[in-house]
Amino acid sequence: MTASASDGPSSRSARIATAIEWTLAAVSGVIILGLAGYLLFEAVTKTGSHPVLILRIDGIEAMPDGAVVDLSVLNTGHATAAEIEIEGTLGTGPDAITSTATLDYAPAESTSPVALVFNRPVSANELALRVLGYRDP
């Protein structure tokens with residue numbers, strides 16, 4: 001065979017296939033390095049903080065024997081909280097009525113629903129809400 005015969009169609013398609021393989025390998029490498037860099041950045045910049053828990057009233061529903069207060073627990077922090085104790089108090093002094101609830105888990109940067117049940121009608125103006133505590137998971 002001559003040298004010109006080895007430069008035939010099969011040799012040309014082999015060079016094209018090799019070029020495509022190297023291009024895809026380079027693109028895949030760039031994607032993998034980008035993802036690794038992003039995960040490293042997230043791990044370094046979003047650690048060591050506490051959850052930031054905010055309680056928001058979503059609605060109050062009257063029931064025959066009281067009311068249900070629907071809440072959202074917003075965790076705007078970069079850390080997760082577990083076993084979140086929430087307390088709602090109606091009124092002040094000896095006539096105050098308290099309801100508590102425990103939310104199992106609030107991931108970082110999330111919103112979770114919870115409800116408090118009271119044995120009398122509720123007005124949003126007289127309701128005091130607070131987070132009693134949480135546990136690091």
# chains A, B, ... in the order shown; residues from 1 in each chain; ligands from 1
>>> residues_around(residues="A:Asp58", least_positions_apart="2", cutoff="10 Å", atoms="only C-alpha atoms", output="list in words")
Leu55, Arg56, Ile60, Val69, Asp70, Leu71, Ser72, Pro113, Val114 and Ala115 of chain A
>>> write_last_selection(atoms="N, CA and C atoms", output="mmCIF file, in the first residue's frame")
data_model
loop_
_atom_site.group_PDB
_atom_site.id
_atom_site.type_symbol
_atom_site.label_atom_id
_atom_site.label_comp_id
_atom_site.auth_asym_id
_atom_site.auth_seq_id
_atom_site.Cartn_x
_atom_site.Cartn_y
_atom_site.Cartn_z
ATOM 1 N N LEU A 55 -41.316 33.290 62.155
ATOM 2 C CA LEU A 55 -42.678 32.760 62.172
ATOM 3 C C LEU A 55 -43.610 33.730 61.464
ATOM 4 N N ARG A 56 -44.428 33.198 60.560
ATOM 5 C CA ARG A 56 -45.371 34.014 59.799
ATOM 6 C C ARG A 56 -46.757 33.387 59.881
ATOM 7 N N ILE A 60 -55.964 32.069 59.949
ATOM 8 C CA ILE A 60 -56.624 31.660 61.188
ATOM 9 C C ILE A 60 -57.993 31.117 60.798
ATOM 10 N N VAL A 69 -54.468 28.117 64.012
ATOM 11 C CA VAL A 69 -53.620 29.145 63.424
ATOM 12 C C VAL A 69 -52.588 28.444 62.554
ATOM 13 N N ASP A 70 -52.658 28.691 61.247
ATOM 14 C CA ASP A 70 -51.684 28.125 60.315
ATOM 15 C C ASP A 70 -50.488 29.061 60.225
ATOM 16 N N LEU A 71 -49.305 28.493 60.433
ATOM 17 C CA LEU A 71 -48.062 29.264 60.414
ATOM 18 C C LEU A 71 -47.114 28.710 59.365
ATOM 19 N N SER A 72 -46.172 29.556 58.971
ATOM 20 C CA SER A 72 -45.029 29.113 58.193
ATOM 21 C C SER A 72 -43.782 29.435 59.003
ATOM 22 N N PRO A 113 -44.619 24.343 56.983
ATOM 23 C CA PRO A 113 -45.902 24.674 57.612
ATOM 24 C C PRO A 113 -46.028 24.037 58.990
ATOM 25 N N VAL A 114 -46.777 24.692 59.865
ATOM 26 C CA VAL A 114 -47.096 24.169 61.190
ATOM 27 C C VAL A 114 -48.409 24.818 61.628
ATOM 28 N N ALA A 115 -49.117 24.193 62.555
ATOM 29 C CA ALA A 115 -50.389 24.742 63.030
ATOM 30 C C ALA A 115 -50.423 24.718 64.553
#
>>> residues_around(residues="A:Val73", least_positions_apart="3", cutoff="6 Å", atoms="only C-alpha atoms", output="number ranges by chain")
A: 54-55, 111-112
>>> residues_around(residues="A:Asn75", least_positions_apart="3", cutoff="10 Å", atoms="only C-alpha atoms", output="list in words")
His50, Pro51, Val52, Leu53, Ile54, Leu55, Ser72, His78, Ala79, Thr80, Ala81, Ala106, Pro107, Ala108, Glu109, Ser110, Thr111 and Ser112 of chain A
>>> residues_around(residues="A:Val68", least_positions_apart="4", cutoff="8 Å", atoms="only C-alpha atoms", output="list in words")
Ile60, Glu61, Ala62, Met63, Ala115, Leu116, Val117 and Phe118 of chain A
>>> residues_around(residues="A:Leu127", least_positions_apart="5", cutoff="10 Å", atoms="only C-alpha atoms", output="list in words")
Ile57, Val69, Gly88, Thr89, Leu90, Gly91, Thr92, Ile97, Thr98 and Val122 of chain A
>>> write_last_selection(atoms="N, CA and C atoms", output="tab-separated table (two decimals), in the first residue's frame")
chain	number	residue	atom	x	y	z
A	57	ILE	N	-47.76	34.19	60.21
A	57	ILE	CA	-49.15	33.70	60.25
A	57	ILE	C	-49.68	33.65	58.82
A	69	VAL	N	-54.47	28.12	64.01
A	69	VAL	CA	-53.62	29.15	63.42
A	69	VAL	C	-52.59	28.44	62.55
A	88	GLY	N	-47.29	29.73	70.84
A	88	GLY	CA	-48.20	30.84	70.58
A	88	GLY	C	-48.98	31.13	71.84
A	89	THR	N	-49.07	32.40	72.21
A	89	THR	CA	-49.76	32.79	73.43
A	89	THR	C	-50.84	33.82	73.10
A	90	LEU	N	-52.04	33.58	73.61
A	90	LEU	CA	-53.15	34.52	73.48
A	90	LEU	C	-53.32	35.25	74.81
A	91	GLY	N	-53.30	36.56	74.77
A	91	GLY	CA	-53.51	37.33	75.99
A	91	GLY	C	-52.27	37.38	76.86
A	92	THR	N	-52.44	38.02	78.04
A	92	THR	CA	-51.34	38.13	79.00
A	92	THR	C	-51.87	37.83	80.39
A	97	ILE	N	-53.58	31.99	77.25
A	97	ILE	CA	-53.71	30.62	76.75
A	97	ILE	C	-52.51	30.36	75.84
A	98	THR	N	-51.86	29.24	76.07
A	98	THR	CA	-50.65	28.90	75.32
A	98	THR	C	-50.87	27.61	74.53
A	122	VAL	N	-59.42	33.29	67.97
A	122	VAL	CA	-58.11	33.93	67.93
A	122	VAL	C	-58.15	35.14	67.02
>>> select_by_dssp(residues="stretch 28-122 of chain A", states="alpha helix (DSSP H)", output="JSON, numbers by chain")
{"A": [28, 29, 30, 31, 32, 33, 34, 35, 36, 37, 38, 39, 40, 41, 42, 43, 44, 45]}
>>> write_last_selection(atoms="C-alpha atoms", output="compact mmCIF listing (two decimals), in the first residue's frame")
# COMPACT_ATOMS: atom_id res chain seq x y z
CA SER A 28 -16.92 17.23 30.68
CA GLY A 29 -13.77 18.20 32.56
CA VAL A 30 -14.81 21.86 32.61
CA ILE A 31 -18.27 20.90 33.94
CA ILE A 32 -16.82 18.67 36.66
CA LEU A 33 -14.32 21.34 37.75
CA GLY A 34 -17.10 23.96 37.81
CA LEU A 35 -19.34 21.78 39.98
CA ALA A 36 -16.48 20.96 42.34
CA GLY A 37 -15.65 24.66 42.65
CA TYR A 38 -19.29 25.53 43.35
CA LEU A 39 -19.59 22.85 46.06
CA LEU A 40 -16.34 24.01 47.65
CA PHE A 41 -17.54 27.63 47.62
CA GLU A 42 -20.86 26.64 49.24
CA ALA A 43 -19.08 24.56 51.88
CA VAL A 44 -16.68 27.37 52.80
CA THR A 45 -19.07 30.33 52.79
>>> select_by_dssp(residues="chain A", states="strand (DSSP E)", output="number ranges by chain")
A: 53-63, 66-75, 81-90, 97-106, 110-118, 127-135
>>> closest_residue(among="A:Ala26, A:Ser11, A:Arg120, A:Ile16", to="A:Asp95", atoms="only C-alpha atoms")
A:Arg120
>>> atom_distance(atom1="atom CA of A:Pro121", atom2="atom CA of A:Tyr105")
28.7 Å
